[in-house]
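Asker: Just one file: entry16.cif, with mmCIF, C-alpha atoms.
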```cif
data_target
#
loop_
_atom_site.label_atom_id
_atom_site.label_comp_id
_atom_site.auth_asym_id
_atom_site.auth_seq_id
_atom_site.Cartn_x
_atom_site.Cartn_y
_atom_site.Cartn_z
CA MET A 209 59.26 9.55 -5.66
CA LYS A 210 61.93 7.19 -7.02
CA ASP A 211 60.85 4.07 -8.92
CA LYS A 212 62.87 1.88 -6.57
CA THR A 213 60.98 3.29 -3.58
CA VAL A 214 57.61 2.70 -5.25
CA LEU A 215 58.62 -0.84 -6.10
CA GLU A 216 59.87 -1.52 -2.57
CA MET A 217 56.61 -0.22 -1.10
CA TYR A 218 54.58 -2.34 -3.48
CA LEU A 219 56.63 -5.45 -2.74
CA GLU A 220 56.10 -4.86 0.97
CA ASP A 221 52.33 -4.85 0.38
CA MET A 222 52.62 -8.08 -1.63
CA LYS A 223 54.05 -9.86 1.42
CA ASN A 224 50.55 -9.80 2.94
CA ILE A 225 49.23 -12.17 0.27
CA LYS A 226 49.04 -15.72 1.55
CA PRO A 227 51.02 -18.15 -0.67
CA LEU A 228 49.49 -21.33 -2.10
CA ASP A 229 50.73 -24.81 -1.40
CA GLU A 230 50.80 -27.26 -4.32
CA ALA A 231 47.70 -29.19 -3.22
CA LYS A 232 45.63 -26.00 -2.88
CA LYS A 233 46.97 -24.72 -6.22
CA ASP A 234 45.94 -27.98 -7.93
CA ASP A 235 42.46 -27.74 -6.39
CA LEU A 236 42.14 -24.12 -7.55
CA LEU A 237 43.28 -25.01 -11.07
CA LYS A 238 40.62 -27.72 -11.27
CA ALA A 239 38.00 -25.28 -10.00
CA LEU A 240 39.22 -22.64 -12.46
CA CYS A 241 38.67 -25.04 -15.35
CA THR A 242 35.04 -25.42 -14.27
CA GLY A 243 34.56 -21.64 -14.36
CA ASP A 244 34.95 -20.89 -10.64
CA ASN A 245 35.55 -17.13 -10.36
CA ASN A 246 36.76 -17.37 -6.77
CA ALA A 247 39.44 -19.83 -7.86
CA LYS A 248 40.44 -17.49 -10.68
CA ASN A 249 40.73 -14.53 -8.31
CA ARG A 250 42.74 -16.51 -5.74
CA LEU A 251 45.13 -17.79 -8.43
CA ILE A 252 45.62 -14.26 -9.74
CA GLU A 253 46.26 -12.95 -6.25
CA ALA A 254 48.67 -15.78 -5.44
CA HIS A 255 50.71 -15.08 -8.58
CA MET A 256 50.84 -11.28 -8.31
CA MET A 257 54.27 -11.35 -6.66
CA TYR A 258 55.57 -13.66 -9.38
CA ALA A 259 54.22 -11.36 -12.12
CA THR A 260 55.82 -8.41 -10.34
CA GLU A 261 59.19 -10.18 -10.18
CA LEU A 262 59.04 -10.68 -13.95
CA VAL A 263 59.16 -6.88 -14.33
CA GLN A 264 62.75 -6.64 -13.03
CA PRO A 265 64.56 -7.19 -16.38
CA PHE A 266 62.38 -4.52 -18.00
CA MET A 267 63.17 -1.77 -15.51
CA GLY A 268 65.11 1.09 -17.04
CA CYS A 269 63.59 0.56 -20.47
CA GLY A 270 61.78 3.90 -20.42
CA GLN A 271 58.55 2.82 -18.73
CA GLU A 272 57.52 3.71 -15.19
CA VAL A 273 57.85 0.79 -12.79
CA MET A 274 54.23 0.97 -11.71
CA ASP A 275 53.14 0.94 -15.37
CA LEU A 276 55.21 -2.20 -15.91
CA ILE A 277 53.66 -3.78 -12.83
CA SER A 278 50.15 -2.85 -13.99
CA GLU A 279 50.83 -4.36 -17.40
CA SER A 280 52.30 -7.50 -15.82
CA HIS A 281 49.19 -7.90 -13.69
CA LEU A 282 46.97 -7.43 -16.71
CA ALA A 283 48.91 -10.15 -18.51
CA LEU A 284 48.69 -12.32 -15.39
CA THR A 285 44.93 -11.89 -15.30
CA MET A 286 44.65 -12.80 -18.97
CA ALA A 287 46.86 -15.87 -18.53
CA VAL A 288 44.80 -17.15 -15.62
CA THR A 289 41.52 -16.35 -17.37
CA GLU A 290 42.63 -18.20 -20.52
CA TYR A 291 44.15 -21.17 -18.66
CA LYS A 292 43.03 -24.59 -19.90
CA SER A 293 45.82 -26.96 -18.82
CA GLY A 294 49.55 -27.27 -18.34
CA ASP A 295 52.05 -25.24 -16.38
CA LEU A 296 50.26 -22.08 -15.25
CA LYS A 297 53.44 -20.40 -14.05
CA ALA A 298 55.12 -20.88 -17.45
CA GLN A 299 52.02 -19.50 -19.16
CA ILE A 300 52.06 -16.48 -16.86
CA ARG A 301 55.76 -15.87 -17.59
CA GLN A 302 55.14 -16.08 -21.32
CA ALA A 303 52.14 -13.72 -21.18
CA VAL A 304 53.90 -11.15 -18.98
CA GLU A 305 57.12 -11.12 -21.01
CA LYS A 306 55.15 -10.87 -24.25
CA ARG A 307 53.09 -7.92 -22.96
CA LEU A 308 56.07 -6.05 -21.54
CA ASN A 309 58.00 -6.50 -24.79
CA GLU A 310 54.95 -5.22 -26.69
CA ILE A 311 54.70 -2.01 -24.67
CA ILE A 312 58.43 -1.37 -25.01
CA ASP A 313 58.16 -1.97 -28.77
CA GLU A 314 55.16 0.40 -28.91
CA GLN A 315 57.16 3.04 -27.05
CA ASN A 316 60.12 2.62 -29.41
CA ARG A 317 57.85 2.88 -32.46
CA ALA A 318 56.23 6.03 -31.08
CA LYS A 319 59.64 7.55 -30.39
CA HIS A 320 60.82 6.62 -33.89
CA ASP A 321 57.67 8.09 -35.46
CA SER A 322 58.09 11.27 -33.44
CA ASN A 323 61.70 11.62 -34.54
CA GLU A 324 60.70 10.95 -38.13
CA LEU A 325 58.02 13.66 -37.97
CA THR A 326 60.45 16.10 -36.39
CA ASN A 327 62.97 15.46 -39.16
CA ARG A 328 60.32 15.96 -41.85
CA LEU A 329 59.15 19.21 -40.23
CA ASN A 330 62.72 20.47 -39.96
CA GLU A 331 63.35 19.65 -43.61
CA LEU A 332 60.13 21.44 -44.59
CA MET A 333 61.12 24.54 -42.63
CA GLU A 334 64.62 24.58 -44.17
CA ILE A 335 63.26 24.26 -47.71
CA SER A 336 60.55 26.81 -46.98
CA SER A 337 63.15 29.30 -45.76
CA ALA A 338 65.43 28.63 -48.72
CA LEU A 339 62.57 29.12 -51.20
CA ALA A 340 61.46 32.30 -49.42
CA ASN A 341 64.98 33.69 -49.86
CA GLU A 342 65.11 32.52 -53.47
CA TYR A 343 61.67 33.84 -54.47
CA GLY A 344 61.48 36.86 -52.18
CA ARG A 345 58.15 35.53 -50.85
CA GLU A 346 56.74 32.53 -49.04
CA ALA A 347 56.65 29.38 -51.12
CA THR A 348 53.33 27.78 -51.96
CA ALA A 349 52.46 24.26 -50.87
CA LYS A 350 52.85 23.19 -54.51
CA GLU A 351 56.36 24.67 -54.72
CA LEU A 352 57.33 22.99 -51.46
CA SER A 353 55.86 19.72 -52.71
CA ASP A 354 57.89 19.92 -55.92
CA ARG A 355 61.13 20.67 -54.05
CA LEU A 356 60.61 18.03 -51.34
CA LEU A 357 59.35 15.44 -53.82
CA ILE A 358 56.34 14.59 -51.67
CA PRO A 359 52.60 14.97 -52.36
CA GLN A 360 51.11 18.42 -51.86
CA ASP A 361 48.54 17.15 -49.35
CA GLU A 362 51.42 15.82 -47.23
CA VAL A 363 53.08 19.24 -47.33
CA GLU A 364 49.80 20.86 -46.29
CA GLU A 365 49.46 18.40 -43.39
CA LEU A 366 53.04 19.12 -42.26
CA LEU A 367 52.35 22.86 -42.44
CA LYS A 368 49.25 22.41 -40.26
CA ILE A 369 51.27 20.43 -37.73
CA SER A 370 53.97 23.10 -37.60
CA LEU A 371 51.37 25.86 -37.18
CA ASN A 372 49.70 23.92 -34.37
CA ALA A 373 53.06 23.49 -32.66
CA ILE A 374 53.76 27.22 -32.96
CA ASN A 375 50.32 28.05 -31.53
CA LEU A 376 50.87 25.65 -28.64
CA ASP A 377 54.20 27.31 -27.86
CA LYS A 378 52.56 30.74 -27.83
CA ASN A 379 49.86 29.54 -25.43
CA ILE A 380 52.39 28.13 -22.98
#
```
What does the file become when written as structure tokens?
Answerer:
Amino acid sequence: MKDKTVLEMYLEDMKNIKPLDEAKKDDLLKALCTGDNNAKNRLIEAHMMYATELVQPFMGCGQEVMDLISESHLALTMAVTEYKSGDLKAQIRQAVEKRLNEIIDEQNRAKHDSNELTNRLNELMEISSALANEYGREATAKELSDRLLIPQDEVEELLKISLNAINLDKNI
């Protein structure tokens, strides 16, 4: 199913939520500040469409639309729960944008770390092959460590990772 279709279906469901007028919103905010859970739930519900709209600029950033919506609703819930005073809508916007930027940053870091690991494994395999040709046998972890200029325990960890990857490929 296409993300656009999922989003359109979700937005259609959101149309069933009754909007708040300003007077009702003010009453709910006052009740929220006294700890009224029903007020909190109604404010969250009333702002779900707004939180969903805030997802639009983040679409196409590598995250599934429904994941973005879920994260925006989590941020919405936190913003309403933590509300003390001021412009609730602005606080929701700030919380949602912050959370969505965080998950995109986390994704980018994970992708970078994965690429970094792949490069290190490739370098290890190249050096290992070169040393095997040079010595006429497999190189030891110590020899690989000396050639790569990294600690031996790091070489051993990389070798374990490469063996696990090979075993996974065989099992698939």
Asker: Closest to Val273 of chain A among A:Ala247, A:Cys241, A:Met217, A:Leu339, using all atoms listed in the file?
Answerer: A:Met217
Asker: Name the residues that the PyMOL selection byres ((chain A and resi 236) around 12) pulls out of this structure, and write them as a VMD selection string.
Answerer: chain A and resid 228 to 235 237 to 254 288 291 296
Asker: Could you check how far atom CA of Arg345 of chain A sits from atom CA of Leu357 of chain A, in Å to one decimal?
Answerer: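 Between these atoms lies a distance of 20.3 Å.
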Asker: Give me the residues within 9 Å of segment 316-329 of chain A as an mmCIF file with C-alpha atoms, keeping the file's coordinate frame, counting all atoms listed in the file and dropping any in the same chain fewer than 2 places off.
Answerer:
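Saved file around.cif follows:
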```cif
data_model
loop_
_atom_site.group_PDB
_atom_site.id
_atom_site.type_symbol
_atom_site.label_atom_id
_atom_site.label_comp_id
_atom_site.auth_asym_id
_atom_site.auth_seq_id
_atom_site.Cartn_x
_atom_site.Cartn_y
_atom_site.Cartn_z
ATOM 1 C CA ILE A 311 54.700 -2.010 -24.670
ATOM 2 C CA ILE A 312 58.430 -1.370 -25.010
ATOM 3 C CA ASP A 313 58.160 -1.970 -28.770
ATOM 4 C CA GLU A 314 55.160 0.400 -28.910
ATOM 5 C CA GLU A 331 63.350 19.650 -43.610
ATOM 6 C CA LEU A 332 60.130 21.440 -44.590
ATOM 7 C CA MET A 333 61.120 24.540 -42.630
ATOM 8 C CA GLU A 334 64.620 24.580 -44.170
ATOM 9 C CA LEU A 366 53.040 19.120 -42.260
ATOM 10 C CA LEU A 367 52.350 22.860 -42.440
ATOM 11 C CA ILE A 369 51.270 20.430 -37.730
ATOM 12 C CA SER A 370 53.970 23.100 -37.600
#
```
Asker: Can you work out which one of A:Lys226, A:Arg307, A:Arg301, A:His255 has the shortest atom-to-atom distance to Leu276 of chain A, counting only C-alpha atoms?
Answerer: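 Closest to Leu276 of chain A, using only C-alpha atoms: A:Arg307.
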Asker: Considering all atoms listed in the file, state which residue in the set A:Lys350, A:Arg355, A:Lys368, A:Lys306 is at the smallest distance from Ala338 of chain A.
Answerer: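 Closest candidate: A:Arg355.
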Asker: Restricting the calculation to all atoms listed in the file, which member of A:Met256, A:Leu219, A:Pro359, A:Gln315 is positioned closest to Gly270 of chain A?
Answerer: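 Of the candidates, the smallest distance to Gly270 of chain A is held by A:Gln315.
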Asker: Kindly reconstruct segment 241-266 of chain A with N, CA and C atoms and present the result as a PDB file, in the frame of the given file.
Answerer:
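What ended up in result.pdb:
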```pdb
ATOM      1  N   CYS A 241      39.081 -24.416 -14.083  1.00  0.00           N
ATOM      2  CA  CYS A 241      38.670 -25.040 -15.350  1.00  0.00           C
ATOM      3  C   CYS A 241      37.173 -25.293 -15.416  1.00  0.00           C
ATOM      4  N   THR A 242      36.501 -25.263 -14.267  1.00  0.00           N
ATOM      5  CA  THR A 242      35.040 -25.420 -14.270  1.00  0.00           C
ATOM      6  C   THR A 242      34.341 -24.062 -14.261  1.00  0.00           C
ATOM      7  N   GLY A 243      35.147 -22.976 -14.307  1.00  0.00           N
ATOM      8  CA  GLY A 243      34.560 -21.640 -14.360  1.00  0.00           C
ATOM      9  C   GLY A 243      34.410 -20.962 -13.017  1.00  0.00           C
ATOM     10  N   ASP A 244      35.049 -21.457 -11.982  1.00  0.00           N
ATOM     11  CA  ASP A 244      34.950 -20.890 -10.640  1.00  0.00           C
ATOM     12  C   ASP A 244      35.704 -19.558 -10.565  1.00  0.00           C
ATOM     13  N   ASN A 245      34.960 -18.472 -10.422  1.00  0.00           N
ATOM     14  CA  ASN A 245      35.550 -17.130 -10.360  1.00  0.00           C
ATOM     15  C   ASN A 245      36.392 -16.914  -9.117  1.00  0.00           C
ATOM     16  N   ASN A 246      35.969 -17.507  -7.998  1.00  0.00           N
ATOM     17  CA  ASN A 246      36.760 -17.370  -6.770  1.00  0.00           C
ATOM     18  C   ASN A 246      38.124 -18.019  -6.935  1.00  0.00           C
ATOM     19  N   ALA A 247      38.167 -19.155  -7.602  1.00  0.00           N
ATOM     20  CA  ALA A 247      39.440 -19.830  -7.860  1.00  0.00           C
ATOM     21  C   ALA A 247      40.310 -18.957  -8.764  1.00  0.00           C
ATOM     22  N   LYS A 248      39.695 -18.372  -9.771  1.00  0.00           N
ATOM     23  CA  LYS A 248      40.440 -17.490 -10.680  1.00  0.00           C
ATOM     24  C   LYS A 248      41.049 -16.327  -9.890  1.00  0.00           C
ATOM     25  N   ASN A 249      40.246 -15.681  -9.076  1.00  0.00           N
ATOM     26  CA  ASN A 249      40.730 -14.530  -8.310  1.00  0.00           C
ATOM     27  C   ASN A 249      41.835 -14.917  -7.343  1.00  0.00           C
ATOM     28  N   ARG A 250      41.710 -16.066  -6.691  1.00  0.00           N
ATOM     29  CA  ARG A 250      42.740 -16.510  -5.740  1.00  0.00           C
ATOM     30  C   ARG A 250      44.034 -16.855  -6.473  1.00  0.00           C
ATOM     31  N   LEU A 251      43.934 -17.467  -7.646  1.00  0.00           N
ATOM     32  CA  LEU A 251      45.130 -17.790  -8.430  1.00  0.00           C
ATOM     33  C   LEU A 251      45.822 -16.511  -8.920  1.00  0.00           C
ATOM     34  N   ILE A 252      45.042 -15.544  -9.323  1.00  0.00           N
ATOM     35  CA  ILE A 252      45.620 -14.260  -9.740  1.00  0.00           C
ATOM     36  C   ILE A 252      46.343 -13.624  -8.561  1.00  0.00           C
ATOM     37  N   GLU A 253      45.670 -13.554  -7.444  1.00  0.00           N
ATOM     38  CA  GLU A 253      46.260 -12.950  -6.250  1.00  0.00           C
ATOM     39  C   GLU A 253      47.547 -13.675  -5.846  1.00  0.00           C
ATOM     40  N   ALA A 254      47.518 -14.990  -5.864  1.00  0.00           N
ATOM     41  CA  ALA A 254      48.670 -15.780  -5.440  1.00  0.00           C
ATOM     42  C   ALA A 254      49.870 -15.616  -6.377  1.00  0.00           C
ATOM     43  N   HIS A 255      49.620 -15.229  -7.612  1.00  0.00           N
ATOM     44  CA  HIS A 255      50.710 -15.080  -8.580  1.00  0.00           C
ATOM     45  C   HIS A 255      51.103 -13.629  -8.845  1.00  0.00           C
ATOM     46  N   MET A 256      50.517 -12.703  -8.108  1.00  0.00           N
ATOM     47  CA  MET A 256      50.840 -11.280  -8.310  1.00  0.00           C
ATOM     48  C   MET A 256      52.316 -10.990  -8.032  1.00  0.00           C
ATOM     49  N   MET A 257      52.866 -11.570  -6.991  1.00  0.00           N
ATOM     50  CA  MET A 257      54.270 -11.350  -6.660  1.00  0.00           C
ATOM     51  C   MET A 257      55.160 -11.899  -7.775  1.00  0.00           C
ATOM     52  N   TYR A 258      54.806 -13.066  -8.282  1.00  0.00           N
ATOM     53  CA  TYR A 258      55.570 -13.660  -9.380  1.00  0.00           C
ATOM     54  C   TYR A 258      55.538 -12.748 -10.608  1.00  0.00           C
ATOM     55  N   ALA A 259      54.348 -12.258 -10.963  1.00  0.00           N
ATOM     56  CA  ALA A 259      54.220 -11.360 -12.120  1.00  0.00           C
ATOM     57  C   ALA A 259      55.024 -10.085 -11.895  1.00  0.00           C
ATOM     58  N   THR A 260      55.059  -9.617 -10.664  1.00  0.00           N
ATOM     59  CA  THR A 260      55.820  -8.410 -10.340  1.00  0.00           C
ATOM     60  C   THR A 260      57.320  -8.675 -10.476  1.00  0.00           C
ATOM     61  N   GLU A 261      57.771  -9.841 -10.055  1.00  0.00           N
ATOM     62  CA  GLU A 261      59.190 -10.180 -10.180  1.00  0.00           C
ATOM     63  C   GLU A 261      59.630 -10.227 -11.636  1.00  0.00           C
ATOM     64  N   LEU A 262      58.723 -10.600 -12.522  1.00  0.00           N
ATOM     65  CA  LEU A 262      59.040 -10.680 -13.950  1.00  0.00           C
ATOM     66  C   LEU A 262      59.317  -9.310 -14.566  1.00  0.00           C
ATOM     67  N   VAL A 263      58.953  -8.248 -13.860  1.00  0.00           N
ATOM     68  CA  VAL A 263      59.160  -6.880 -14.330  1.00  0.00           C
ATOM     69  C   VAL A 263      60.635  -6.473 -14.247  1.00  0.00           C
ATOM     70  N   GLN A 264      61.368  -7.061 -13.326  1.00  0.00           N
ATOM     71  CA  GLN A 264      62.750  -6.640 -13.030  1.00  0.00           C
ATOM     72  C   GLN A 264      63.617  -6.434 -14.279  1.00  0.00           C
ATOM     73  N   PRO A 265      63.684  -7.392 -15.213  1.00  0.00           N
ATOM     74  CA  PRO A 265      64.560  -7.190 -16.380  1.00  0.00           C
ATOM     75  C   PRO A 265      64.135  -6.038 -17.296  1.00  0.00           C
ATOM     76  N   PHE A 266      62.905  -5.567 -17.130  1.00  0.00           N
ATOM     77  CA  PHE A 266      62.380  -4.520 -18.000  1.00  0.00           C
ATOM     78  C   PHE A 266      62.536  -3.122 -17.392  1.00  0.00           C
TER      79      PHE A 266
END
```
